[in-house]
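Peer 1: Here you go, this is run09.txt (compact mmCIF, C-alpha atoms and all ligand atoms).
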# COMPACT_ATOMS: atom_id res chain seq x y z
CA MET A 1 0.00 0.00 0.00
CA LYS A 2 1.28 3.49 -0.87
CA LYS A 3 1.96 6.08 1.84
CA ILE A 4 1.43 9.47 0.23
CA VAL A 5 2.22 13.08 1.20
CA VAL A 6 0.32 15.78 -0.74
CA THR A 7 1.44 19.44 -0.74
CA GLY A 8 -1.02 22.23 -1.58
CA ALA A 9 -3.76 19.90 -0.35
CA LEU A 10 -6.30 22.69 0.16
CA GLY A 11 -6.00 23.97 -3.42
CA GLN A 12 -8.30 23.21 -6.34
CA ILE A 13 -6.84 19.79 -7.21
CA GLY A 14 -5.77 18.82 -3.69
CA SER A 15 -9.20 19.37 -2.13
CA GLU A 16 -10.59 16.52 -4.23
CA LEU A 17 -7.47 14.44 -4.83
CA VAL A 18 -6.84 13.86 -1.10
CA THR A 19 -10.37 12.50 -0.62
CA LYS A 20 -10.04 10.27 -3.68
CA LEU A 21 -6.61 8.98 -2.62
CA ARG A 22 -7.93 8.25 0.89
CA ASP A 23 -10.76 6.21 -0.67
CA VAL A 24 -8.29 4.24 -2.78
CA TYR A 25 -5.29 3.84 -0.45
CA GLY A 26 -6.83 4.27 3.03
CA THR A 27 -7.32 7.43 5.08
CA GLU A 28 -4.24 6.95 7.28
CA ASN A 29 -2.02 6.49 4.22
CA VAL A 30 -2.66 9.95 2.76
CA VAL A 31 -1.12 12.92 4.58
CA ALA A 32 -2.50 16.28 3.47
CA THR A 33 -0.27 19.33 3.89
CA ASP A 34 -0.79 23.01 3.18
CA ILE A 35 0.48 26.39 4.37
CA ARG A 36 -2.87 27.07 6.08
CA LYS A 37 -5.58 25.14 7.88
CA THR A 38 -9.34 25.24 7.24
CA GLU A 39 -12.39 23.49 8.62
CA SER A 40 -12.60 20.93 5.84
CA ASP A 41 -12.53 17.14 5.40
CA VAL A 42 -9.00 17.35 4.00
CA VAL A 43 -7.91 18.70 7.41
CA ASN A 44 -10.36 16.97 9.75
CA ALA A 45 -10.94 13.54 8.19
CA GLY A 46 -7.34 12.28 8.08
CA PRO A 47 -3.71 13.17 8.77
CA PHE A 48 -2.95 16.86 8.13
CA GLU A 49 0.18 18.96 8.69
CA ILE A 50 0.98 22.62 8.07
CA VAL A 51 3.94 22.78 5.68
CA ASP A 52 5.40 25.73 3.75
CA VAL A 53 6.94 24.22 0.60
CA THR A 54 9.65 26.87 0.52
CA ASP A 55 10.88 25.34 3.82
CA ALA A 56 12.92 22.35 2.60
CA LYS A 57 13.55 20.97 6.08
CA ALA A 58 9.86 21.04 7.04
CA MET A 59 8.92 19.14 3.89
CA HIS A 60 11.66 16.59 4.49
CA ASP A 61 10.74 16.12 8.17
CA ILE A 62 7.03 15.56 7.52
CA THR A 63 7.68 13.11 4.68
CA LYS A 64 10.10 11.21 6.91
CA LYS A 65 7.80 11.33 9.95
CA TYR A 66 5.07 9.50 8.01
CA ASP A 67 7.54 7.20 6.24
CA ALA A 68 5.99 8.19 2.90
CA ASP A 69 6.97 6.51 -0.36
CA THR A 70 5.05 8.90 -2.64
CA LEU A 71 5.11 12.69 -2.86
CA ILE A 72 2.43 14.58 -4.80
CA HIS A 73 3.50 18.18 -5.10
CA LEU A 74 0.61 20.52 -5.96
CA ALA A 75 1.49 23.78 -4.17
CA ALA A 76 1.94 26.51 -6.80
CA LEU A 77 0.58 29.85 -8.04
CA LEU A 78 -1.60 29.73 -11.17
CA SER A 79 -1.05 31.71 -14.35
CA ALA A 80 -2.81 35.05 -13.71
CA THR A 81 -1.45 35.41 -10.16
CA ALA A 82 2.02 34.43 -11.35
CA GLU A 83 1.83 37.15 -14.01
CA ALA A 84 0.85 39.73 -11.36
CA LYS A 85 3.61 38.58 -8.95
CA PRO A 86 6.35 37.07 -11.13
CA LEU A 87 9.12 37.02 -8.53
CA LEU A 88 6.89 35.41 -5.91
CA ALA A 89 5.85 32.87 -8.55
CA TRP A 90 9.44 32.03 -9.38
CA ASN A 91 10.33 31.62 -5.70
CA LEU A 92 7.27 29.57 -4.79
CA ASN A 93 6.79 27.52 -7.96
CA MET A 94 10.46 26.73 -8.59
CA GLY A 95 11.67 26.83 -4.98
CA GLY A 96 8.85 24.55 -3.84
CA LEU A 97 9.43 22.15 -6.72
CA VAL A 98 13.15 21.77 -6.20
CA ASN A 99 12.61 21.26 -2.45
CA ALA A 100 10.01 18.57 -3.16
CA LEU A 101 12.28 16.84 -5.69
CA GLU A 102 15.13 16.85 -3.16
CA VAL A 103 12.86 15.16 -0.60
CA ALA A 104 11.87 12.58 -3.22
CA ARG A 105 15.55 11.96 -4.00
CA GLU A 106 16.65 11.70 -0.37
CA LEU A 107 13.72 9.54 0.79
CA ARG A 108 13.34 7.53 -2.46
CA CYS A 109 9.73 8.63 -3.08
CA GLN A 110 7.74 8.27 -6.25
CA PHE A 111 6.92 11.81 -7.38
CA PHE A 112 4.06 13.60 -9.18
CA THR A 113 3.66 17.27 -10.05
CA PRO A 114 1.31 18.87 -12.59
CA SER A 115 2.50 20.78 -15.64
CA SER A 116 0.01 22.72 -17.77
CA ILE A 117 -1.04 23.85 -21.24
CA GLY A 118 0.71 27.02 -19.99
CA ALA A 119 4.00 25.30 -20.85
CA PHE A 120 3.25 26.21 -24.48
CA GLY A 121 3.55 29.65 -26.04
CA PRO A 122 2.66 31.73 -29.11
CA SER A 123 5.16 29.96 -31.38
CA THR A 124 3.75 26.50 -30.50
CA PRO A 125 1.42 24.98 -33.16
CA LYS A 126 -2.05 26.05 -31.94
CA ASP A 127 -4.27 23.21 -33.11
CA ASN A 128 -3.87 19.59 -32.06
CA THR A 129 -0.63 20.71 -30.37
CA PRO A 130 1.79 17.77 -30.51
CA GLN A 131 3.27 16.11 -27.43
CA ASP A 132 6.80 17.08 -28.48
CA THR A 133 6.90 20.58 -29.93
CA ILE A 134 8.13 24.16 -29.52
CA GLN A 135 7.88 25.40 -25.90
CA ARG A 136 8.71 29.10 -25.67
CA PRO A 137 6.00 30.39 -23.25
CA THR A 138 5.72 34.15 -22.67
CA THR A 139 4.30 34.00 -19.12
CA MET A 140 6.12 33.49 -15.80
CA TYR A 141 3.81 30.53 -15.12
CA GLY A 142 4.81 28.99 -18.45
CA VAL A 143 8.50 29.56 -17.76
CA ASN A 144 8.00 27.78 -14.40
CA LYS A 145 6.17 24.89 -16.04
CA VAL A 146 8.77 24.29 -18.76
CA ALA A 147 11.61 24.56 -16.22
CA GLY A 148 9.63 22.21 -13.95
CA GLU A 149 9.19 19.59 -16.68
CA LEU A 150 12.93 19.73 -17.39
CA LEU A 151 13.82 19.58 -13.69
CA CYS A 152 11.66 16.48 -13.22
CA ASP A 153 13.35 14.85 -16.25
CA TYR A 154 16.71 15.76 -14.72
CA TYR A 155 15.90 14.19 -11.34
CA ASN A 156 14.82 11.05 -13.11
CA GLN A 157 17.84 10.79 -15.40
CA LYS A 158 20.46 11.94 -12.91
CA PHE A 159 19.19 10.44 -9.64
CA GLY A 160 16.70 7.77 -10.75
CA VAL A 161 13.71 9.44 -9.03
CA ASP A 162 10.44 8.03 -10.42
CA THR A 163 9.03 11.42 -11.49
CA ARG A 164 5.72 11.63 -13.38
CA GLY A 165 3.55 14.55 -14.58
CA LEU A 166 0.64 15.73 -16.73
CA ARG A 167 0.14 18.91 -18.75
CA PHE A 168 -3.30 19.76 -17.41
CA PRO A 169 -5.77 21.95 -19.27
CA GLY A 170 -8.25 24.14 -17.36
CA LEU A 171 -9.79 22.00 -14.60
CA ILE A 172 -13.48 22.38 -13.81
CA SER A 173 -14.89 21.38 -10.44
CA TYR A 174 -17.80 22.16 -8.12
CA VAL A 175 -15.86 21.38 -4.91
CA ALA A 176 -13.11 23.99 -4.48
CA PRO A 177 -12.95 27.14 -6.57
CA PRO A 178 -9.74 27.74 -8.51
CA GLY A 179 -7.75 30.87 -7.70
CA GLY A 180 -5.78 33.05 -10.05
CA GLY A 181 -6.01 30.97 -13.21
CA THR A 182 -6.76 32.01 -16.79
CA THR A 183 -9.25 29.18 -17.39
CA ASP A 184 -11.24 30.00 -14.20
CA TYR A 185 -14.02 31.63 -16.25
CA ALA A 186 -15.20 28.14 -17.17
CA VAL A 187 -15.85 27.44 -13.46
CA GLU A 188 -17.22 30.88 -12.50
CA ILE A 189 -19.79 30.74 -15.30
CA TYR A 190 -21.61 27.81 -13.66
CA TYR A 191 -21.80 29.56 -10.26
CA GLU A 192 -23.06 32.80 -11.83
CA ALA A 193 -25.56 30.98 -14.05
CA LEU A 194 -27.16 29.37 -11.01
CA LYS A 195 -26.93 32.39 -8.70
CA ASN A 196 -27.73 35.29 -11.06
CA GLY A 197 -28.73 33.81 -14.42
CA ARG A 198 -26.01 35.76 -16.22
CA TYR A 199 -22.23 35.95 -16.62
CA SER A 200 -19.78 38.52 -17.90
CA SER A 201 -16.85 36.67 -19.47
CA TYR A 202 -13.34 38.05 -19.07
CA ILE A 203 -12.23 35.79 -21.95
CA ALA A 204 -13.23 36.96 -25.45
CA ALA A 205 -15.61 35.16 -27.80
CA GLY A 206 -13.79 32.72 -30.07
CA THR A 207 -10.93 31.97 -27.62
CA TYR A 208 -10.57 28.19 -27.53
CA MET A 209 -8.79 26.47 -24.62
CA ASP A 210 -8.55 22.85 -23.48
CA MET A 211 -10.54 21.83 -20.39
CA MET A 212 -11.20 18.74 -18.26
CA TYR A 213 -13.73 17.83 -15.56
CA MET A 214 -12.07 17.15 -12.19
CA PRO A 215 -13.15 13.47 -11.85
CA ASP A 216 -11.26 12.72 -15.08
CA ALA A 217 -8.21 14.65 -13.83
CA LEU A 218 -8.14 12.65 -10.56
CA HIS A 219 -8.37 9.36 -12.49
CA ALA A 220 -5.56 10.51 -14.77
CA ILE A 221 -3.23 11.24 -11.82
CA ILE A 222 -3.87 7.85 -10.20
CA ASP A 223 -3.64 5.95 -13.50
CA LEU A 224 -0.34 7.62 -14.37
CA MET A 225 1.11 6.94 -10.89
CA GLU A 226 0.06 3.29 -11.17
CA ALA A 227 1.29 2.89 -14.77
CA ASP A 228 4.10 0.51 -15.69
CA GLU A 229 7.21 2.71 -15.57
CA SER A 230 8.90 0.82 -18.42
CA LYS A 231 6.16 2.01 -20.83
CA LEU A 232 6.54 5.75 -20.04
CA LYS A 233 8.56 7.68 -22.60
CA HIS A 234 7.12 11.13 -21.75
CA ARG A 235 7.04 10.60 -18.01
CA ASN A 236 6.87 14.24 -16.83
CA ALA A 237 4.81 16.08 -19.33
CA PHE A 238 1.94 14.15 -20.90
CA ASN A 239 -0.55 16.25 -22.85
CA VAL A 240 -4.02 15.43 -21.46
CA THR A 241 -7.35 16.99 -22.40
CA ALA A 242 -11.05 16.16 -22.50
CA MET A 243 -12.55 18.98 -24.56
CA SER A 244 -11.82 22.35 -26.14
CA PHE A 245 -14.39 25.15 -26.24
CA GLU A 246 -14.76 28.92 -26.39
CA PRO A 247 -17.00 30.96 -24.03
CA GLY A 248 -20.01 31.00 -26.38
CA GLU A 249 -20.08 27.20 -26.54
CA ILE A 250 -20.20 26.68 -22.76
CA ALA A 251 -22.89 29.39 -22.54
CA THR A 252 -24.97 27.56 -25.18
CA GLU A 253 -24.65 24.32 -23.22
CA ILE A 254 -25.73 26.03 -19.97
CA LYS A 255 -28.75 27.57 -21.76
CA LYS A 256 -30.04 24.05 -22.44
CA HIS A 257 -30.56 23.73 -18.66
CA ILE A 258 -31.21 27.40 -17.76
CA PRO A 259 -33.03 28.87 -20.80
CA ASP A 260 -32.96 32.47 -19.46
CA PHE A 261 -29.18 32.44 -18.95
CA THR A 262 -27.37 35.32 -20.70
CA MET A 263 -23.69 36.10 -21.18
CA ASP A 264 -21.84 39.23 -22.21
CA TYR A 265 -18.15 40.08 -22.40
CA ASN A 266 -15.91 42.30 -20.29
CA VAL A 267 -12.50 41.16 -21.52
CA ASP A 268 -9.56 41.31 -19.12
CA PRO A 269 -6.54 42.18 -21.30
CA ILE A 270 -4.06 40.37 -19.04
CA ARG A 271 -5.85 37.04 -18.89
CA GLN A 272 -6.85 37.36 -22.56
CA ALA A 273 -3.19 37.78 -23.55
CA ILE A 274 -2.30 34.65 -21.56
CA ALA A 275 -5.13 32.70 -23.21
CA ASP A 276 -4.08 33.93 -26.66
CA SER A 277 -0.58 32.58 -26.07
CA TRP A 278 -1.87 29.05 -25.28
CA PRO A 279 -3.00 26.31 -27.68
CA ASN A 280 -6.57 26.00 -28.97
CA SER A 281 -6.47 22.23 -28.46
CA ILE A 282 -3.75 19.73 -27.60
CA ASP A 283 -3.10 16.16 -28.77
CA ALA A 284 -3.23 13.52 -26.00
CA THR A 285 -2.17 10.52 -28.13
CA ALA A 286 1.05 9.84 -26.19
CA ALA A 287 -0.88 9.58 -22.89
CA LYS A 288 -3.39 7.22 -24.51
CA GLU A 289 -0.69 5.03 -25.99
CA GLU A 290 1.78 4.94 -23.09
CA TRP A 291 -0.58 4.44 -20.12
CA GLY A 292 -4.15 4.23 -21.41
CA PHE A 293 -5.36 7.79 -20.65
CA LYS A 294 -9.12 8.12 -21.12
CA VAL A 295 -11.90 10.47 -20.05
CA GLN A 296 -15.55 10.04 -19.18
CA TYR A 297 -16.88 13.62 -19.50
CA ASP A 298 -17.40 15.92 -22.49
CA LEU A 299 -18.89 19.44 -22.41
CA GLU A 300 -22.47 18.13 -22.43
CA SER A 301 -22.12 15.54 -19.63
CA MET A 302 -19.88 17.81 -17.55
CA THR A 303 -22.36 20.71 -17.74
CA LYS A 304 -25.25 18.49 -16.65
CA ASP A 305 -23.26 17.12 -13.70
CA MET A 306 -21.80 20.52 -12.67
CA LEU A 307 -25.22 22.18 -12.60
CA GLU A 308 -26.80 19.31 -10.66
CA LYS A 309 -24.01 19.17 -8.05
CA LEU A 310 -23.67 22.95 -7.71
CA ASN A 311 -27.41 23.34 -7.34
CA VAL A 312 -27.31 21.07 -4.30
CA LYS A 313 -24.26 22.90 -2.92
CA LEU A 314 -25.68 26.41 -3.37
CA VAL A 315 -29.07 25.82 -1.64
C1 LIG B 401 -4.51 28.35 -15.21
O1 LIG B 401 -5.43 28.85 -15.88
O2 LIG B 401 -3.54 29.00 -14.79
C2 LIG B 401 -4.54 26.87 -14.95
C3 LIG B 401 -3.79 26.12 -16.01
C4 LIG B 401 -4.40 25.88 -17.33
O3 LIG B 401 -2.69 25.71 -15.78
N1 LIG B 401 -5.89 26.42 -14.87
Taking this structure as input, can you express it in the form of structure tokens?
Peer 2:
Amino acid sequence: MKKIVVTGALGQIGSELVTKLRDVYGTENVVATDIRKTESDVVNAGPFEIVDVTDAKAMHDITKKYDADTLIHLAALLSATAEAKPLLAWNLNMGGLVNALEVARELRCQFFTPSSIGAFGPSTPKDNTPQDTIQRPTTMYGVNKVAGELLCDYYNQKFGVDTRGLRFPGLISYVAPPGGGTTDYAVEIYYEALKNGRYSSYIAAGTYMDMMYMPDALHAIIDLMEADESKLKHRNAFNVTAMSFEPGEIATEIKKHIPDFTMDYNVDPIRQAIADSWPNSIDATAAKEEWGFKVQYDLESMTKDMLEKLNVKLV
């Protein structure tokens, strides 16, 4: 049985991944860590420790204390926040990652950290973006993600650490709201549709980005971590996606459930520029071939589920 430490456990992915991992591997075998504490199941329903990922010793001590063999490193700033605070992003995203990799090296842990579609840039082919292609991002977040992919490759090649990672698209979930991302509009729109019947999109009409529903993202992390290592050629940076849409298309889908829903646009130039530098849609063939990546949800089934679950949550 795995013994797993998760950093950034109260963030958008961690809030659901910890619960899922506890279901699969047993509550006592999944240690959630974050820089803060909240009244939530992640904190109250199993082992939880406060850890600042820029504190290498603290991360090492907690991983050792629980005798963990797996480290899932999620703590990071997302794209829009990183663009507003580039130096903080460099220090947290890169400093945290190198500390986590050092712990994995010293304590011989299997390692996972997410990359992103943000690892691509304006000179990357925009449609059906290949697995192996040009990566010259123009955002601090993208610079962190490319450097992170390379650093994880380095720790594998140089020290034999079993590092694995996914280039996630925008993740959509009804559990924990995202914070500071460019794709967050595709989460906010569901909340606003249910609460106010309208939404003002900060992303312009016609801007396509890849997205995935959180249950598929959680499956993908576990499937990749369980995959036969000998089959992984792209171990740290698999393109994964479930759908690609622009704001008008998600609005049309929501209207099928809430006929009076309306959307207008109030474009945020900073987040729009980030979105414009990312692919329209990426190719996930390598993930399918090397470890059997698959998804359950498309825009239609995700929208139905999101609205049902959020409706229950918001009453
Ligand atoms: C963001 O928008 O910053 C993230 C991502 C695509 O990495 N959701």
Peer 1: Mind pulling up the distance from CA of Ile172 in chain A to CA of Gly121 in chain A?
Peer 2: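 Computed distance, CA of Gly121 in chain A to CA of Ile172 in chain A, equals 22.2 Å.
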Peer 1: For each of A:Tyr199, A:Phe48, A:Phe293, A:Tyr190, take the minimum atom-to-atom distance to Leu218 in chain A, counting all atoms listed in the file, then give the residue where this is smallest.
Peer 2: A:Phe293
Peer 1: Neighbours of ligand LIG 401 (chain B) at 9 Å or closer, counting only C-alpha atoms and all ligand atoms: which residues, as an NGL selection string?
Peer 2: :A and (77-82 or 114-119 or 141-142 or 145 or 167-172 or 178-184 or 209-211 or 271 or 274-275 or 278)
Peer 1: Please determine, counting all atoms listed in the file, which residue among A:Lys37, A:Lys288, A:Lys57, A:His73 has the shortest atom-to-atom distance to Gln110 in chain A.
Peer 2: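 Closest residue, counting all atoms listed in the file: A:His73.
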Peer 1: Quick one: everything within 7 Å of range 146-159 of chain A, counting only C-alpha atoms, minus sequence neighbours fewer than 2 positions away in the same chain. Send it as a list of chain:residue names.
Peer 2: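 Surrounding residues, per the criterion: A:Arg105, A:Ser115, A:Ala119, A:Gly142, A:Val143, A:Asn144, A:Val161, A:Asp162, A:Thr163, A:Asn236, A:Ala237.
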Peer 1: Identify which of the residues A:Thr138, A:Asn91, A:Ser244, A:Thr129 lies closest to Asp283 in chain A, counting all atoms listed in the file when measuring atom-to-atom distances.
Peer 2: A:Thr129
Peer 1: From (-2.0, 10.9, -14.9), in the file's coordinates, out to 9 Å: which residues are reached, counting only C-alpha atoms? Answer as a PyMOL selection string.
Peer 2: chain A and resi 112+114+164-166+217-227+238+240+287+291+293
Peer 1: With distances taken over all atoms listed in the file, which of A:Ala75, A:Ala176, A:Ala205, A:Val51 is nearest to Gln272 in chain A?
Peer 2: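 Looking only at the distances to Gln272 in chain A, the closest residue turns out to be A:Ala205.
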Peer 1: Just the residues within 10 Å of Glu102 in chain A, please, counting all atoms listed in the file, with nothing from its chain fewer than 2 positions along; format it as a ChimeraX atom specification.
Peer 2: /A:56,59-60,96-100,104-109,155,159,161
Peer 1: When you draw a straight line from CA of Leu307 in chain A to CA of Ile254 in chain A, how long is it in Å?
Peer 2: 8.3 Å
Peer 1: If we count all atoms listed in the file, what is near Thr7 in chain A at a cut-off of 12 Å, once residues fewer than 6 positions away on the same chain are taken out, given as a PyMOL selection string?
Peer 2: chain A and resi 13-15+17-18+30-36+42+48-54+58-60+62-63+70-76+96-97+99-100+111-114
Peer 1: List the neighbours of Met1 in chain A out to 10 Å using only C-alpha atoms; skip same-chain residues closer than 3 positions along the sequence, and give me the result as a ChimeraX atom specification.
Peer 2: /A:4,24-26,29,69
Peer 1: With all atoms listed in the file as the atoms that count, which of A:Gln131, A:Ser173, A:Ser201, A:Gln296 lies nearest to Ser281 in chain A?
Peer 2: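 Under the stated criterion, the closest residue is A:Gln131.
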Peer 1: So which one's closest to Thr207 in chain A, A:Leu92, A:Ile134, A:Met306, A:Ile250? Using all atoms listed in the file, please.
Peer 2: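 Nearest to Thr207 in chain A: A:Ile250.
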Peer 1: Would you mind listing what lies within 7 Å of Met243 in chain A as a list in words, with all atoms listed in the file counted and same-chain residues fewer than 2 positions away left out?
Peer 2: Asp210, Met211, Met212, Thr241, Phe245, Asp298 and Leu299 of chain A
Peer 1: Emit range 189-275 of chain A of the structure in the block as a file comprising C-alpha atoms, as a PDB file, in the first residue's frame.
Peer 2:
ATOM      1  CA  ILE A 189     -19.792  30.740 -15.301  1.00  0.00           C
ATOM      2  CA  TYR A 190     -21.611  27.807 -13.658  1.00  0.00           C
ATOM      3  CA  TYR A 191     -21.803  29.557 -10.256  1.00  0.00           C
ATOM      4  CA  GLU A 192     -23.061  32.795 -11.828  1.00  0.00           C
ATOM      5  CA  ALA A 193     -25.560  30.982 -14.051  1.00  0.00           C
ATOM      6  CA  LEU A 194     -27.156  29.368 -11.010  1.00  0.00           C
ATOM      7  CA  LYS A 195     -26.927  32.390  -8.700  1.00  0.00           C
ATOM      8  CA  ASN A 196     -27.730  35.292 -11.062  1.00  0.00           C
ATOM      9  CA  GLY A 197     -28.732  33.809 -14.424  1.00  0.00           C
ATOM     10  CA  ARG A 198     -26.006  35.764 -16.222  1.00  0.00           C
ATOM     11  CA  TYR A 199     -22.228  35.951 -16.622  1.00  0.00           C
ATOM     12  CA  SER A 200     -19.778  38.516 -17.902  1.00  0.00           C
ATOM     13  CA  SER A 201     -16.854  36.667 -19.475  1.00  0.00           C
ATOM     14  CA  TYR A 202     -13.335  38.049 -19.068  1.00  0.00           C
ATOM     15  CA  ILE A 203     -12.234  35.794 -21.953  1.00  0.00           C
ATOM     16  CA  ALA A 204     -13.227  36.955 -25.452  1.00  0.00           C
ATOM     17  CA  ALA A 205     -15.608  35.156 -27.796  1.00  0.00           C
ATOM     18  CA  GLY A 206     -13.795  32.723 -30.075  1.00  0.00           C
ATOM     19  CA  THR A 207     -10.930  31.972 -27.620  1.00  0.00           C
ATOM     20  CA  TYR A 208     -10.565  28.189 -27.525  1.00  0.00           C
ATOM     21  CA  MET A 209      -8.791  26.471 -24.618  1.00  0.00           C
ATOM     22  CA  ASP A 210      -8.547  22.853 -23.482  1.00  0.00           C
ATOM     23  CA  MET A 211     -10.537  21.827 -20.391  1.00  0.00           C
ATOM     24  CA  MET A 212     -11.205  18.738 -18.263  1.00  0.00           C
ATOM     25  CA  TYR A 213     -13.731  17.828 -15.559  1.00  0.00           C
ATOM     26  CA  MET A 214     -12.073  17.155 -12.192  1.00  0.00           C
ATOM     27  CA  PRO A 215     -13.154  13.473 -11.849  1.00  0.00           C
ATOM     28  CA  ASP A 216     -11.261  12.724 -15.085  1.00  0.00           C
ATOM     29  CA  ALA A 217      -8.205  14.651 -13.829  1.00  0.00           C
ATOM     30  CA  LEU A 218      -8.144  12.648 -10.565  1.00  0.00           C
ATOM     31  CA  HIS A 219      -8.366   9.363 -12.486  1.00  0.00           C
ATOM     32  CA  ALA A 220      -5.560  10.507 -14.768  1.00  0.00           C
ATOM     33  CA  ILE A 221      -3.234  11.244 -11.820  1.00  0.00           C
ATOM     34  CA  ILE A 222      -3.867   7.851 -10.200  1.00  0.00           C
ATOM     35  CA  ASP A 223      -3.643   5.949 -13.501  1.00  0.00           C
ATOM     36  CA  LEU A 224      -0.338   7.621 -14.372  1.00  0.00           C
ATOM     37  CA  MET A 225       1.109   6.944 -10.892  1.00  0.00           C
ATOM     38  CA  GLU A 226       0.056   3.288 -11.170  1.00  0.00           C
ATOM     39  CA  ALA A 227       1.286   2.890 -14.766  1.00  0.00           C
ATOM     40  CA  ASP A 228       4.103   0.507 -15.688  1.00  0.00           C
ATOM     41  CA  GLU A 229       7.209   2.710 -15.569  1.00  0.00           C
ATOM     42  CA  SER A 230       8.903   0.824 -18.418  1.00  0.00           C
ATOM     43  CA  LYS A 231       6.165   2.010 -20.825  1.00  0.00           C
ATOM     44  CA  LEU A 232       6.542   5.746 -20.038  1.00  0.00           C
ATOM     45  CA  LYS A 233       8.559   7.684 -22.599  1.00  0.00           C
ATOM     46  CA  HIS A 234       7.116  11.130 -21.747  1.00  0.00           C
ATOM     47  CA  ARG A 235       7.036  10.602 -18.005  1.00  0.00           C
ATOM     48  CA  ASN A 236       6.873  14.236 -16.826  1.00  0.00           C
ATOM     49  CA  ALA A 237       4.812  16.080 -19.328  1.00  0.00           C
ATOM     50  CA  PHE A 238       1.943  14.145 -20.896  1.00  0.00           C
ATOM     51  CA  ASN A 239      -0.550  16.247 -22.851  1.00  0.00           C
ATOM     52  CA  VAL A 240      -4.023  15.431 -21.462  1.00  0.00           C
ATOM     53  CA  THR A 241      -7.354  16.994 -22.404  1.00  0.00           C
ATOM     54  CA  ALA A 242     -11.049  16.159 -22.497  1.00  0.00           C
ATOM     55  CA  MET A 243     -12.550  18.983 -24.562  1.00  0.00           C
ATOM     56  CA  SER A 244     -11.824  22.348 -26.143  1.00  0.00           C
ATOM     57  CA  PHE A 245     -14.388  25.148 -26.236  1.00  0.00           C
ATOM     58  CA  GLU A 246     -14.764  28.922 -26.387  1.00  0.00           C
ATOM     59  CA  PRO A 247     -17.004  30.956 -24.029  1.00  0.00           C
ATOM     60  CA  GLY A 248     -20.011  30.997 -26.382  1.00  0.00           C
ATOM     61  CA  GLU A 249     -20.081  27.204 -26.540  1.00  0.00           C
ATOM     62  CA  ILE A 250     -20.197  26.680 -22.760  1.00  0.00           C
ATOM     63  CA  ALA A 251     -22.889  29.390 -22.543  1.00  0.00           C
ATOM     64  CA  THR A 252     -24.972  27.559 -25.183  1.00  0.00           C
ATOM     65  CA  GLU A 253     -24.647  24.321 -23.218  1.00  0.00           C
ATOM     66  CA  ILE A 254     -25.728  26.031 -19.971  1.00  0.00           C
ATOM     67  CA  LYS A 255     -28.748  27.574 -21.755  1.00  0.00           C
ATOM     68  CA  LYS A 256     -30.044  24.052 -22.444  1.00  0.00           C
ATOM     69  CA  HIS A 257     -30.559  23.732 -18.655  1.00  0.00           C
ATOM     70  CA  ILE A 258     -31.206  27.400 -17.764  1.00  0.00           C
ATOM     71  CA  PRO A 259     -33.029  28.868 -20.796  1.00  0.00           C
ATOM     72  CA  ASP A 260     -32.956  32.467 -19.461  1.00  0.00           C
ATOM     73  CA  PHE A 261     -29.177  32.444 -18.952  1.00  0.00           C
ATOM     74  CA  THR A 262     -27.369  35.315 -20.698  1.00  0.00           C
ATOM     75  CA  MET A 263     -23.691  36.096 -21.181  1.00  0.00           C
ATOM     76  CA  ASP A 264     -21.841  39.229 -22.213  1.00  0.00           C
ATOM     77  CA  TYR A 265     -18.149  40.078 -22.397  1.00  0.00           C
ATOM     78  CA  ASN A 266     -15.907  42.297 -20.292  1.00  0.00           C
ATOM     79  CA  VAL A 267     -12.500  41.156 -21.516  1.00  0.00           C
ATOM     80  CA  ASP A 268      -9.558  41.312 -19.119  1.00  0.00           C
ATOM     81  CA  PRO A 269      -6.539  42.176 -21.304  1.00  0.00           C
ATOM     82  CA  ILE A 270      -4.060  40.373 -19.035  1.00  0.00           C
ATOM     83  CA  ARG A 271      -5.855  37.038 -18.886  1.00  0.00           C
ATOM     84  CA  GLN A 272      -6.853  37.357 -22.563  1.00  0.00           C
ATOM     85  CA  ALA A 273      -3.189  37.781 -23.546  1.00  0.00           C
ATOM     86  CA  ILE A 274      -2.295  34.655 -21.560  1.00  0.00           C
ATOM     87  CA  ALA A 275      -5.128  32.697 -23.206  1.00  0.00           C
TER      88      ALA A 275
END
